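Q: So here's protein.csv (CSV, C-alpha atoms and all ligand atoms).
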chain,number,residue,atom,x,y,z
E,222,MET,CA,25.7,37.2,15.5
E,223,SER,CA,22.3,38.7,14.7
E,224,ARG,CA,21.3,39.0,11.1
E,225,LEU,CA,24.7,38.2,9.5
E,226,LYS,CA,25.7,40.2,6.6
E,227,ARG,CA,28.3,38.8,4.3
E,228,ARG,CA,30.2,42.1,4.0
E,229,ASN,CA,30.4,42.3,7.8
E,230,PHE,CA,31.8,38.8,8.0
E,231,ILE,CA,34.5,39.5,5.4
E,232,THR,CA,35.3,42.8,7.2
E,233,ALA,CA,35.5,40.9,10.5
E,234,LEU,CA,37.8,38.3,8.9
E,235,THR,CA,40.2,40.8,7.5
E,236,SER,CA,40.3,42.8,10.7
E,237,GLY,CA,40.8,39.7,12.8
E,238,LEU,CA,37.6,40.2,14.8
E,239,LEU,CA,36.7,36.6,14.4
E,240,GLY,CA,40.1,35.4,15.4
E,241,LEU,CA,40.8,33.9,12.0
E,242,GLY,CA,43.7,34.4,9.6
E,243,VAL,CA,42.9,35.3,6.1
E,244,SER,CA,44.1,32.7,3.7
E,245,LYS,CA,46.0,33.7,0.6
E,246,HIS,CA,43.4,31.7,-1.3
E,247,MET,CA,40.6,33.8,0.3
E,248,SER,CA,38.0,34.6,-2.3
E,249,ALA,CA,36.1,37.9,-2.5
E,250,GLY,CA,33.4,36.2,-0.4
E,251,PRO,CA,30.0,34.8,-0.9
E,252,ALA,CA,28.1,35.5,-4.1
E,253,LEU,CA,24.5,35.5,-3.0
E,254,SER,CA,23.5,34.6,-6.5
E,255,PHE,CA,21.1,31.7,-5.9
E,256,PRO,CA,17.4,31.9,-6.3
E,257,GLY,CA,15.2,33.4,-3.6
E,258,GLN,CA,18.0,35.2,-1.7
E,259,LYS,CA,17.8,38.8,-0.7
E,260,GLU,CA,20.8,40.9,-1.4
E,261,SER,CA,23.3,41.5,1.5
E,262,ALA,CA,21.6,39.3,4.1
E,263,ALA,CA,23.2,35.9,4.6
E,264,PRO,CA,20.7,33.0,5.3
E,265,LYS,CA,20.5,31.4,8.8
E,266,ILE,CA,19.7,27.9,9.9
E,267,ASN,CA,16.2,28.0,11.3
E,268,LYS,CA,15.5,24.4,12.2
E,269,TYR,CA,17.4,22.1,14.6
E,270,LYS,CA,16.6,18.5,15.3
E,271,ASP,CA,17.6,15.8,17.8
E,272,LEU,CA,20.3,13.6,16.5
E,273,GLY,CA,18.8,10.2,17.5
E,274,LYS,CA,19.1,9.8,21.3
E,275,THR,CA,22.6,11.3,21.5
E,276,GLY,CA,21.2,14.4,23.2
E,277,LEU,CA,22.9,16.5,20.5
E,278,LYS,CA,20.9,19.0,18.5
E,279,VAL,CA,21.9,19.4,14.9
E,280,PRO,CA,20.8,21.8,12.1
E,281,ASP,CA,18.7,20.3,9.3
E,282,VAL,CA,21.4,21.4,6.9
E,283,SER,CA,24.9,20.4,7.9
E,284,PHE,CA,28.3,20.7,6.4
E,285,GLY,CA,30.0,18.1,4.3
E,286,ALA,CA,33.7,19.0,4.5
E,287,ILE,CA,34.9,16.9,1.6
E,288,SER,CA,36.4,19.1,-1.1
E,289,LEU,CA,37.3,22.1,0.9
E,290,PHE,CA,40.3,24.4,0.4
E,291,GLU,CA,39.3,27.5,2.4
E,292,PRO,CA,38.9,27.0,6.2
E,293,ASN,CA,37.1,30.3,6.6
E,294,VAL,CA,34.2,28.8,4.7
E,295,LEU,CA,33.6,26.5,7.7
E,296,ARG,CA,33.6,29.5,10.1
E,297,TYR,CA,31.2,31.3,7.8
E,298,ALA,CA,28.9,28.3,7.9
E,299,TYR,CA,29.0,28.4,11.7
E,300,GLU,CA,28.1,32.1,11.7
E,301,CYS,CA,25.1,31.1,9.5
E,302,GLY,CA,24.0,28.6,12.2
E,303,VAL,CA,25.6,25.4,11.0
E,304,THR,CA,26.9,23.4,13.9
E,305,TYR,CA,27.5,19.9,12.5
E,306,PHE,CA,30.6,19.2,10.4
E,307,ASP,CA,31.5,15.9,8.8
E,308,THR,CA,34.9,15.0,7.6
E,309,ALA,CA,37.1,11.9,7.3
E,310,GLU,CA,40.7,10.9,7.7
E,311,SER,CA,40.9,10.2,3.9
E,312,TYR,CA,39.4,13.4,2.6
E,313,LEU,CA,42.0,15.4,0.7
E,314,ARG,CA,44.5,12.9,2.0
E,315,MET,CA,44.3,14.0,5.6
E,316,LYS,CA,44.2,17.7,4.8
E,317,GLY,CA,40.4,17.7,5.1
E,318,GLU,CA,40.6,17.2,8.9
E,319,ALA,CA,43.3,19.9,9.2
E,320,TYR,CA,41.1,22.4,7.4
E,321,VAL,CA,38.2,21.5,9.8
E,322,GLY,CA,40.5,22.0,12.8
E,323,GLN,CA,41.8,25.3,11.5
E,324,GLY,CA,38.4,26.7,10.6
E,325,LEU,CA,36.6,25.7,13.8
E,326,LYS,CA,39.2,25.9,16.5
E,327,GLU,CA,37.8,29.2,17.9
E,328,VAL,CA,34.3,27.7,18.2
E,329,ARG,CA,35.2,24.1,19.0
E,330,ASP,CA,33.0,23.9,22.1
E,331,LYS,CA,30.0,25.0,20.1
E,332,VAL,CA,30.1,22.6,17.2
E,333,ILE,CA,29.8,18.9,16.6
E,334,ILE,CA,32.6,17.2,14.6
E,335,THR,CA,32.3,13.8,13.0
E,336,THR,CA,35.3,12.1,11.4
E,337,LYS,CA,35.6,8.7,9.8
E,338,HIS,CA,38.3,6.0,9.5
E,339,GLY,CA,38.2,3.3,6.9
E,340,GLN,CA,39.8,-0.1,6.9
E,341,ASN,CA,39.7,-3.4,5.1
E,342,PHE,CA,38.2,-5.5,8.0
E,343,ARG,CA,39.1,-8.7,6.3
E,344,GLN,CA,42.7,-7.9,7.2
E,345,LYS,CA,44.2,-7.9,10.7
E,346,ILE,CA,43.9,-4.8,12.7
E,347,GLU,CA,46.1,-3.8,15.7
E,348,LYS,CA,44.2,-2.0,18.4
E,349,ALA,CA,47.1,0.2,19.3
E,350,ALA,CA,47.7,1.2,15.7
E,351,PHE,CA,44.0,2.1,15.2
E,352,ILE,CA,44.0,4.2,18.4
E,353,GLN,CA,47.1,6.0,17.1
E,354,ARG,CA,45.2,6.9,13.9
E,355,LEU,CA,42.3,8.4,15.9
E,356,GLU,CA,44.8,10.3,18.0
E,357,ALA,CA,46.4,11.7,14.9
E,358,SER,CA,43.0,12.9,13.8
E,359,LEU,CA,42.5,14.7,17.1
E,360,LYS,CA,45.8,16.6,16.4
E,361,ARG,CA,44.7,17.5,12.9
E,362,LEU,CA,41.3,18.6,14.2
E,363,GLN,CA,42.9,20.6,17.0
E,364,THR,CA,40.6,19.1,19.6
E,365,ASP,CA,40.8,16.7,22.5
E,366,HIS,CA,37.7,14.8,21.4
E,367,ILE,CA,35.8,13.6,18.4
E,368,ASP,CA,32.0,14.0,18.9
E,369,ILE,CA,31.1,11.1,16.5
E,370,ALA,CA,33.8,8.7,15.3
E,371,MET,CA,32.6,6.6,12.4
E,372,ILE,CA,33.9,3.6,10.5
E,373,HIS,CA,34.2,4.8,7.0
E,374,SER,CA,32.2,3.2,4.1
E,375,LEU,CA,31.1,-0.1,5.5
E,376,ASP,CA,29.4,-2.6,3.3
E,377,ASP,CA,28.9,-5.2,6.0
E,378,LEU,CA,28.7,-4.1,9.6
E,379,SER,CA,29.2,-7.6,11.0
E,380,LEU,CA,32.8,-7.5,9.7
E,381,ALA,CA,33.6,-4.6,12.0
E,382,LEU,CA,31.6,-5.8,14.9
E,383,ASN,CA,33.4,-9.1,14.9
E,384,ASN,CA,36.7,-7.4,14.9
E,385,GLN,CA,37.7,-7.5,18.6
E,386,GLU,CA,40.7,-5.2,18.2
E,387,LEU,CA,38.6,-2.6,16.5
E,388,MET,CA,35.7,-2.7,19.0
E,389,SER,CA,38.1,-2.6,21.9
E,390,ALA,CA,39.9,0.4,20.4
E,391,TYR,CA,36.7,2.4,20.2
E,392,GLU,CA,35.7,1.3,23.7
E,393,GLN,CA,39.0,2.5,25.1
E,394,LEU,CA,38.7,5.9,23.2
E,395,LYS,CA,35.2,6.4,24.6
E,396,LYS,CA,36.4,5.6,28.2
E,397,GLU,CA,39.2,8.1,27.8
E,398,GLY,CA,36.7,10.8,26.6
E,399,LYS,CA,38.4,11.0,23.2
E,400,VAL,CA,35.3,9.8,21.4
E,401,ARG,CA,31.7,10.6,22.5
E,402,PHE,CA,29.6,8.6,20.1
E,403,THR,CA,30.3,5.9,17.5
E,404,GLY,CA,28.7,4.9,14.2
E,405,PHE,CA,29.5,4.2,10.5
E,406,SER,CA,29.0,5.4,7.0
E,407,THR,CA,27.7,3.1,4.3
E,408,HIS,CA,26.9,2.8,0.6
E,409,ASN,CA,25.1,-0.4,1.3
E,410,ALA,CA,22.3,0.8,3.5
E,411,LYS,CA,19.9,-1.9,2.5
E,412,VAL,CA,22.1,-4.3,4.5
E,413,THR,CA,23.9,-2.3,7.1
E,414,LEU,CA,20.9,-0.3,8.4
E,415,LYS,CA,19.2,-3.5,9.3
E,416,GLN,CA,22.4,-4.7,11.0
E,417,ALA,CA,22.6,-1.5,13.0
E,418,LEU,CA,19.4,-2.4,14.8
E,419,ASP,CA,21.2,-5.2,16.6
E,420,THR,CA,24.2,-3.3,18.1
E,421,ASP,CA,24.7,-0.4,20.4
E,422,PHE,CA,27.9,0.6,18.5
E,423,ALA,CA,25.8,2.3,15.9
E,424,GLN,CA,24.7,5.5,17.6
E,425,VAL,CA,24.8,7.6,14.5
E,426,ILE,CA,24.7,6.4,10.9
E,427,LEU,CA,25.5,8.1,7.6
E,428,PHE,CA,24.0,6.7,4.4
E,429,GLN,CA,23.4,7.6,0.8
E,430,TYR,CA,19.9,8.9,0.4
E,431,ASN,CA,18.5,11.1,-2.4
E,432,HIS,CA,15.4,11.5,-4.6
E,433,MET,CA,16.7,8.9,-7.0
E,434,GLU,CA,17.8,6.1,-4.6
E,435,GLY,CA,16.1,6.3,-1.3
E,436,LYS,CA,12.6,4.9,-1.3
E,437,GLU,CA,13.6,1.3,-0.7
E,438,ILE,CA,15.7,2.1,2.4
E,439,GLU,CA,13.1,4.4,4.0
E,440,PRO,CA,11.6,1.6,6.3
E,441,HIS,CA,15.2,0.9,7.5
E,442,ILE,CA,15.8,4.6,8.2
E,443,LYS,CA,12.5,4.7,10.2
E,444,ALA,CA,13.4,1.6,12.2
E,445,ALA,CA,16.9,3.0,13.0
E,446,ARG,CA,15.4,6.3,14.1
E,447,GLN,CA,12.8,4.5,16.3
E,448,LYS,CA,15.7,2.7,18.0
E,449,GLY,CA,17.2,6.1,18.8
E,450,ILE,CA,20.0,6.0,16.2
E,451,GLY,CA,20.9,9.4,14.7
E,452,THR,CA,20.3,9.5,11.0
E,453,VAL,CA,22.4,11.5,8.6
E,454,ALA,CA,22.0,11.6,4.8
E,455,MET,CA,24.8,12.0,2.3
E,456,LYS,CA,25.1,12.2,-1.5
E,457,VAL,CA,21.9,14.1,-1.5
E,458,PHE,CA,22.5,15.5,-5.0
E,459,ALA,CA,22.1,12.1,-6.8
E,460,GLY,CA,25.5,12.3,-8.7
E,461,GLY,CA,25.8,16.0,-8.7
E,462,MET,CA,25.4,16.3,-12.5
E,463,GLN,CA,23.3,19.5,-12.5
E,464,GLY,CA,26.1,21.6,-13.8
E,465,ASN,CA,25.9,19.8,-17.2
E,466,LEU,CA,22.1,19.8,-17.5
E,467,LYS,CA,19.5,22.2,-18.7
E,468,SER,CA,17.0,24.1,-16.6
E,469,MET,CA,18.6,23.3,-13.2
E,470,VAL,CA,18.0,26.7,-11.8
E,471,ASN,CA,14.9,29.0,-12.0
E,472,GLN,CA,13.6,32.1,-10.1
E,473,GLN,CA,12.4,30.0,-7.1
E,474,THR,CA,15.0,27.3,-6.6
E,475,SER,CA,18.1,25.6,-7.8
E,476,TYR,CA,18.5,21.8,-8.2
E,477,PRO,CA,20.6,21.5,-5.0
E,478,GLN,CA,18.0,23.4,-3.0
E,479,ALA,CA,15.3,21.1,-4.3
E,480,ALA,CA,17.3,18.0,-3.6
E,481,ILE,CA,18.0,19.1,0.0
E,482,ARG,CA,14.3,19.8,0.5
E,483,TRP,CA,13.4,16.4,-0.7
E,484,VAL,CA,15.8,14.6,1.7
E,485,MET,CA,14.8,16.7,4.7
E,486,SER,CA,11.1,16.2,3.9
E,487,ASN,CA,11.6,12.8,5.5
E,488,PRO,CA,11.0,13.3,9.2
E,489,ASP,CA,13.1,10.3,10.0
E,490,VAL,CA,16.3,12.0,8.7
E,491,ASP,CA,17.9,14.1,11.3
E,492,THR,CA,20.3,16.1,9.1
E,493,CYS,CA,22.1,16.0,5.7
E,494,ILE,CA,25.6,16.9,4.8
E,495,PRO,CA,25.8,18.5,1.3
E,496,THR,CA,29.4,19.3,0.4
E,497,MET,CA,30.1,23.0,1.0
E,498,SER,CA,33.2,24.0,-0.8
E,499,SER,CA,32.6,27.8,-1.1
E,500,TYR,CA,30.7,30.7,0.5
E,501,SER,CA,28.1,30.4,-2.2
E,502,HIS,CA,27.5,26.8,-1.4
E,503,VAL,CA,27.0,27.7,2.3
E,504,GLU,CA,24.4,30.4,1.5
E,505,GLU,CA,22.6,28.4,-1.2
E,506,TYR,CA,22.2,25.3,1.0
E,507,VAL,CA,21.6,27.0,4.3
E,508,ALA,CA,18.8,29.0,2.6
E,509,THR,CA,16.8,25.8,2.4
E,510,SER,CA,16.8,25.2,6.2
E,511,GLY,CA,13.2,24.5,7.4
E,512,GLN,CA,11.7,24.9,4.0
E,513,PRO,CA,9.1,22.4,2.9
E,514,LEU,CA,9.3,20.4,-0.3
E,515,ASP,CA,7.2,22.4,-2.8
E,516,ARG,CA,5.8,21.9,-6.3
E,517,THR,CA,8.6,23.8,-7.9
E,518,SER,CA,11.2,21.6,-6.3
E,519,LEU,CA,9.4,18.5,-7.3
E,520,GLN,CA,9.3,19.7,-10.9
E,521,MET,CA,13.0,20.5,-10.8
E,522,LEU,CA,13.8,17.0,-9.4
E,523,ALA,CA,11.6,15.4,-12.1
E,524,SER,CA,13.5,17.2,-14.7
E,525,TYR,CA,16.8,16.1,-13.3
E,526,GLU,CA,15.6,12.5,-13.1
E,527,ARG,CA,14.6,12.5,-16.8
E,528,GLN,CA,18.0,13.8,-17.8
E,529,VAL,CA,20.2,11.5,-15.8
E,530,HIS,CA,18.0,8.3,-15.6
E,531,SER,CA,20.2,6.2,-17.9
E,532,VAL,CA,23.6,7.7,-17.0
E,533,TYR,CA,23.5,7.9,-13.2
E,534,CYS,CA,24.8,4.8,-11.4
E,535,ARG,CA,22.7,4.4,-8.2
E,536,VAL,CA,25.7,3.5,-6.0
E,537,SER,CA,23.6,1.6,-3.5
E,538,CYS,CA,21.9,-0.5,-6.1
E,539,ARG,CA,24.5,-3.3,-6.8
E,540,GLU,CA,22.1,-5.2,-9.1
E,541,CYS,CA,24.7,-5.8,-11.8
E,542,LEU,CA,27.4,-7.2,-9.4
E,543,SER,CA,26.4,-10.8,-9.4
E,544,ALA,CA,26.1,-10.7,-13.3
E,545,CYS,CA,29.7,-9.9,-13.8
E,546,PRO,CA,31.9,-13.0,-14.4
E,547,ASN,CA,35.0,-11.0,-13.4
E,548,ASN,CA,33.8,-9.7,-10.1
E,549,VAL,CA,34.3,-6.1,-11.1
E,550,ALA,CA,33.4,-3.5,-8.4
E,551,VAL,CA,31.1,-1.7,-10.8
E,552,ASN,CA,29.4,0.6,-8.4
E,553,ASP,CA,32.6,1.5,-6.6
E,554,VAL,CA,34.4,2.3,-9.9
E,555,LEU,CA,31.5,4.4,-11.1
E,556,ARG,CA,31.4,6.2,-7.8
E,557,TYR,CA,35.1,7.1,-8.0
E,558,ALA,CA,34.4,8.4,-11.5
E,559,MET,CA,31.6,10.5,-10.1
E,560,TYR,CA,33.9,12.0,-7.5
E,561,PHE,CA,36.4,12.8,-10.4
E,562,GLU,CA,33.9,14.2,-12.9
E,563,HIS,CA,31.2,15.9,-10.8
E,564,TYR,CA,32.6,16.4,-7.2
E,565,GLY,CA,35.9,18.1,-8.1
E,566,ARG,CA,37.8,15.4,-6.1
E,567,GLU,CA,40.1,14.3,-8.9
E,568,LYS,CA,43.2,13.4,-7.0
E,569,GLU,CA,41.3,11.6,-4.2
E,570,ALA,CA,39.3,9.7,-6.8
E,571,ILE,CA,42.5,8.5,-8.5
E,572,GLY,CA,43.8,7.5,-5.1
E,573,TYR,CA,40.7,5.5,-4.3
E,574,TYR,CA,40.9,3.7,-7.6
E,575,ALA,CA,44.6,3.0,-7.2
E,576,ASP,CA,43.8,1.4,-3.8
E,577,LEU,CA,41.1,-0.9,-5.4
E,578,GLU,CA,42.3,-4.5,-5.7
E,579,PRO,CA,43.5,-5.1,-9.3
E,580,GLU,CA,41.1,-8.0,-9.8
E,581,ARG,CA,38.1,-5.8,-9.1
E,582,LYS,CA,39.0,-3.2,-11.8
E,583,PRO,CA,37.3,-3.4,-15.2
E,584,LEU,CA,40.4,-4.7,-17.0
E,585,GLY,CA,38.7,-7.6,-18.6
E,586,CYS,CA,35.7,-5.7,-20.0
E,587,GLU,CA,36.9,-5.3,-23.5
E,588,ASN,CA,36.3,-8.9,-24.5
E,589,CYS,CA,33.2,-9.4,-22.4
E,590,ALA,CA,29.6,-9.6,-23.7
E,591,ALA,CA,28.6,-7.3,-20.9
E,592,PRO,CA,25.9,-9.2,-19.0
E,593,CYS,CA,26.1,-6.3,-16.5
E,594,GLU,CA,24.2,-4.1,-18.9
E,595,SER,CA,21.1,-6.4,-19.1
E,596,ALA,CA,21.2,-6.7,-15.3
E,597,CYS,CA,21.1,-2.9,-14.9
E,598,PRO,CA,17.5,-1.9,-14.2
E,599,TYR,CA,18.2,1.7,-15.4
E,600,GLY,CA,19.7,0.8,-18.8
E,601,LEU,CA,23.2,2.2,-18.1
E,602,ARG,CA,25.9,1.5,-20.8
E,603,VAL,CA,27.9,0.0,-18.0
E,604,LYS,CA,30.8,-1.4,-20.1
E,605,ALA,CA,31.5,1.9,-21.8
E,606,LYS,CA,31.2,3.8,-18.6
E,607,LEU,CA,33.6,1.5,-16.8
E,608,GLN,CA,36.2,1.8,-19.6
E,609,HIS,CA,35.8,5.6,-19.6
E,610,SER,CA,36.2,5.6,-15.8
E,611,HIS,CA,39.4,3.5,-16.0
E,612,GLU,CA,40.8,6.0,-18.5
E,613,ILE,CA,40.1,9.1,-16.4
E,614,LEU,CA,41.1,7.5,-13.1
E,615,THR,CA,44.5,6.3,-14.4
E,616,ALA,CA,45.4,9.4,-16.5
E,701,LIG,S1,31.6,-5.7,-19.2
E,701,LIG,FE1,33.0,-5.7,-17.5
E,701,LIG,S2,31.8,-5.2,-15.7
E,701,LIG,FE2,30.4,-5.8,-17.4
E,701,LIG,S3,30.1,-8.0,-17.0
E,701,LIG,FE3,31.8,-7.8,-18.4
E,701,LIG,S4,33.7,-7.8,-17.1
E,701,LIG,FE4,31.9,-7.4,-15.8
E,702,LIG,S1,25.5,0.1,-13.1
E,702,LIG,FE1,23.3,-0.1,-12.9
E,702,LIG,S2,22.9,-2.1,-11.9
E,702,LIG,FE2,25.1,-1.6,-11.6
E,702,LIG,S3,25.1,-0.5,-9.6
E,702,LIG,FE3,24.9,1.1,-11.2
E,702,LIG,S4,22.7,1.4,-11.4
E,702,LIG,FE4,23.0,-0.5,-10.3
Can I see the file as structure tokens?
Ligand code: SF4
Ligand code: SF4

A:
Amino acid sequence: MSRLKRRNFITALTSGLLGLGVSKHMSAGPALSFPGQKESAAPKINKYKDLGKTGLKVPDVSFGAISLFEPNVLRYAYECGVTYFDTAESYLRMKGEAYVGQGLKEVRDKVIITTKHGQNFRQKIEKAAFIQRLEASLKRLQTDHIDIAMIHSLDDLSLALNNQELMSAYEQLKKEGKVRFTGFSTHNAKVTLKQALDTDFAQVILFQYNHMEGKEIEPHIKAARQKGIGTVAMKVFAGGMQGNLKSMVNQQTSYPQAAIRWVMSNPDVDTCIPTMSSYSHVEEYVATSGQPLDRTSLQMLASYERQVHSVYCRVSCRECLSACPNNVAVNDVLRYAMYFEHYGREKEAIGYYADLEPERKPLGCENCAAPCESACPYGLRVKAKLQHSHEILTA
């Protein structure tokens, strides 16, 4: 499609020209209300990069299909030039993959689909059962292959690599052509990115990287990229709290645009996956494709950092964990609260929290002197935040 116009896309949708049904939840279409966008012309991806040594080309701004309720938004992103879509078995309790399948089935051979499967690797895994889970994902995604199959949210890659049943399952799926490439996502990049250098399993990695918690893992990202591993950044909005803050939009840029520019200014990052839940998200984020990090963006990021410095839990930090006598999973609990309060993923966040082992929940905080707070380098009121998190996640 040449210069895509939003009105044309909506017309094509409603007339069936794009081969898509119109959802009963279909909104009036994109808003084109973000800074720097001309009326009526939708933005296009104008930069594609190699995804490590996979041979795949990916747009610099890709699609995080996490909180998504309108499959046509995926197709709209594709028409804007987005060709990399990231989902997971657990997103929206398996409905996330179904939305991706529905939204992209007409253009399946032109897009790259990544999905992820999590597991407690300290527990026994049956190879056949794991293969069945991947095959169920194929059905939901309406495809015969997954381009990149990732292990979801790994803290320690060695646990997965030492699991013979798991590795054998992925090997078989690759041989059968049901999986093209393998990798993992992680919130513990300081450890796992180093581990990824010693295995061929990690062909693509997905890690938390943003302007507030990224500097210390940059050498590891570079080393991974030099090895030929595809590098994908997630959680690029550093907690996504811009909606509650002052001055997070001006004539030239919005906070999300500035945050994407920051991440993609690192040449070792192949792409990033901001969550796109609406047409306006697609347009706002795609509009940053190929744009350099400018002074206005840096000022916007500095303003954000000043406002959230002492409230944002850097999920990959983990500094307080060893200070807690009760082994509370501080960063995980605060991450689930972030999903609940700032990502619009309330039900999923409650589900994740319900699945957390009871002994890792902040149930003993009330009578504790809170050594976690003196261990936190950013001065977070950890105890109060945990108690608040428990309340909202169990409401
Ligand atoms: S307040 Fe809670 S999280 Fe902090 S050290 Fe005490 S038990 Fe651990
Ligand atoms: S509460 Fe503070 S020390 Fe603990 S993980 Fe979050 S940012 Fe790091």

Q: Would you mind listing what lies within 7 Å of E:Ser510 as a PyMOL selection string, with all atoms listed in the file counted and same-chain residues fewer than 6 positions away left out?

A: chain E and resi 266-268+281-282

Q: How far is it from atom CA of E:Arg566 to atom CA of E:Ser374, in Å with one decimal?

A: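 If I compute the distance from atom CA of E:Arg566 to atom CA of E:Ser374, I get 16.9 Å.
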
Q: Could you list, with a cut-off of 7 Å and counting all atoms listed in the file, the residues of chain E near ligand LIG 701 (chain E), each shown with its nearest atom pair and the distance in Å rounded to one decimal, rows sorted by chain and ascending number, as a tab-separated table?

A:
residue	atom	partner	partner_atom	distance
E:Ala544	CA	E:LIG701	S3	6.1
E:Cys545	CA	E:LIG701	S3	3.7
E:Pro546	CA	E:LIG701	FE4	5.8
E:Asn547	CA	E:LIG701	S4	5.1
E:Asn548	CA	E:LIG701	FE4	6.4
E:Val549	CA	E:LIG701	S2	5.3
E:Val551	CA	E:LIG701	S2	6.1
E:Pro583	CA	E:LIG701	FE1	5.4
E:Gly585	CA	E:LIG701	S4	5.2
E:Cys586	CA	E:LIG701	FE1	3.7
E:Glu587	CA	E:LIG701	S1	6.8
E:Cys589	CA	E:LIG701	FE3	4.5
E:Ala590	CA	E:LIG701	FE3	6.0
E:Ala591	CA	E:LIG701	S1	3.8
E:Pro592	CA	E:LIG701	S3	4.8
E:Cys593	CA	E:LIG701	S3	4.4
E:Glu594	CA	E:LIG701	FE2	6.6
E:Val603	CA	E:LIG701	FE2	6.3
E:Lys604	CA	E:LIG701	S1	4.5

Q: Could you list the protein, DNA and RNA residues that have any atom within 8 Å of ligand LIG 702 (chain E), counting all atoms listed in the file, and write them as a PDB file with C-alpha atoms, in the coordinates of the input?

A:
ATOM      1  CA  TYR E 533      23.500   7.900 -13.200  1.00  0.00           C
ATOM      2  CA  CYS E 534      24.800   4.800 -11.400  1.00  0.00           C
ATOM      3  CA  ARG E 535      22.700   4.400  -8.200  1.00  0.00           C
ATOM      4  CA  VAL E 536      25.700   3.500  -6.000  1.00  0.00           C
ATOM      5  CA  SER E 537      23.600   1.600  -3.500  1.00  0.00           C
ATOM      6  CA  CYS E 538      21.900  -0.500  -6.100  1.00  0.00           C
ATOM      7  CA  ARG E 539      24.500  -3.300  -6.800  1.00  0.00           C
ATOM      8  CA  GLU E 540      22.100  -5.200  -9.100  1.00  0.00           C
ATOM      9  CA  CYS E 541      24.700  -5.800 -11.800  1.00  0.00           C
ATOM     10  CA  LEU E 542      27.400  -7.200  -9.400  1.00  0.00           C
ATOM     11  CA  VAL E 551      31.100  -1.700 -10.800  1.00  0.00           C
ATOM     12  CA  ASN E 552      29.400   0.600  -8.400  1.00  0.00           C
ATOM     13  CA  LEU E 555      31.500   4.400 -11.100  1.00  0.00           C
ATOM     14  CA  CYS E 593      26.100  -6.300 -16.500  1.00  0.00           C
ATOM     15  CA  GLU E 594      24.200  -4.100 -18.900  1.00  0.00           C
ATOM     16  CA  ALA E 596      21.200  -6.700 -15.300  1.00  0.00           C
ATOM     17  CA  CYS E 597      21.100  -2.900 -14.900  1.00  0.00           C
ATOM     18  CA  PRO E 598      17.500  -1.900 -14.200  1.00  0.00           C
ATOM     19  CA  TYR E 599      18.200   1.700 -15.400  1.00  0.00           C
ATOM     20  CA  GLY E 600      19.700   0.800 -18.800  1.00  0.00           C
ATOM     21  CA  LEU E 601      23.200   2.200 -18.100  1.00  0.00           C
ATOM     22  CA  ARG E 602      25.900   1.500 -20.800  1.00  0.00           C
ATOM     23  CA  VAL E 603      27.900   0.000 -18.000  1.00  0.00           C
TER      24      VAL E 603
END

Q: Which residues, written as JSON, numbers by chain, have at least one atom at most 9 Å from E:His441, with only C-alpha atoms counted and residues fewer than 3 positions away on the same chain left out?

A: {"E": [410, 411, 414, 415, 437, 438, 444, 445, 446]}

Q: By how many Å are atom CA of E:Tyr430 and atom CA of E:Lys443 apart?

A: 13.0 Å

Q: Supply stretch 477-487 of chain E as a short mmCIF file (atom, residue, chain, number, x, y, z; two decimals), in the coordinates of the input, with N, CA and C atoms built in where the input has gaps.

A:
data_model
loop_
_atom_site.label_atom_id
_atom_site.label_comp_id
_atom_site.auth_asym_id
_atom_site.auth_seq_id
_atom_site.Cartn_x
_atom_site.Cartn_y
_atom_site.Cartn_z
N PRO E 477 20.19 21.90 -6.33
CA PRO E 477 20.60 21.50 -5.00
C PRO E 477 19.64 21.82 -3.89
N GLN E 478 19.02 22.99 -3.99
CA GLN E 478 18.00 23.40 -3.00
C GLN E 478 16.84 22.40 -2.99
N ALA E 479 16.40 22.06 -4.19
CA ALA E 479 15.30 21.10 -4.30
C ALA E 479 15.65 19.77 -3.74
N ALA E 480 16.88 19.32 -4.04
CA ALA E 480 17.30 18.00 -3.60
C ALA E 480 17.42 17.96 -2.05
N ILE E 481 17.90 19.04 -1.44
CA ILE E 481 18.00 19.10 0.00
C ILE E 481 16.56 19.06 0.62
N ARG E 482 15.66 19.83 0.02
CA ARG E 482 14.30 19.80 0.50
C ARG E 482 13.68 18.44 0.49
N TRP E 483 13.97 17.72 -0.61
CA TRP E 483 13.40 16.40 -0.70
C TRP E 483 13.92 15.48 0.42
N VAL E 484 15.21 15.48 0.65
CA VAL E 484 15.80 14.60 1.70
C VAL E 484 15.22 14.99 3.06
N MET E 485 15.17 16.28 3.35
CA MET E 485 14.80 16.70 4.70
C MET E 485 13.23 16.71 4.84
N SER E 486 12.50 16.38 3.79
CA SER E 486 11.10 16.20 3.90
C SER E 486 10.74 14.88 4.63
N ASN E 487 11.75 14.02 4.76
CA ASN E 487 11.60 12.80 5.50
C ASN E 487 11.83 13.04 6.97
#
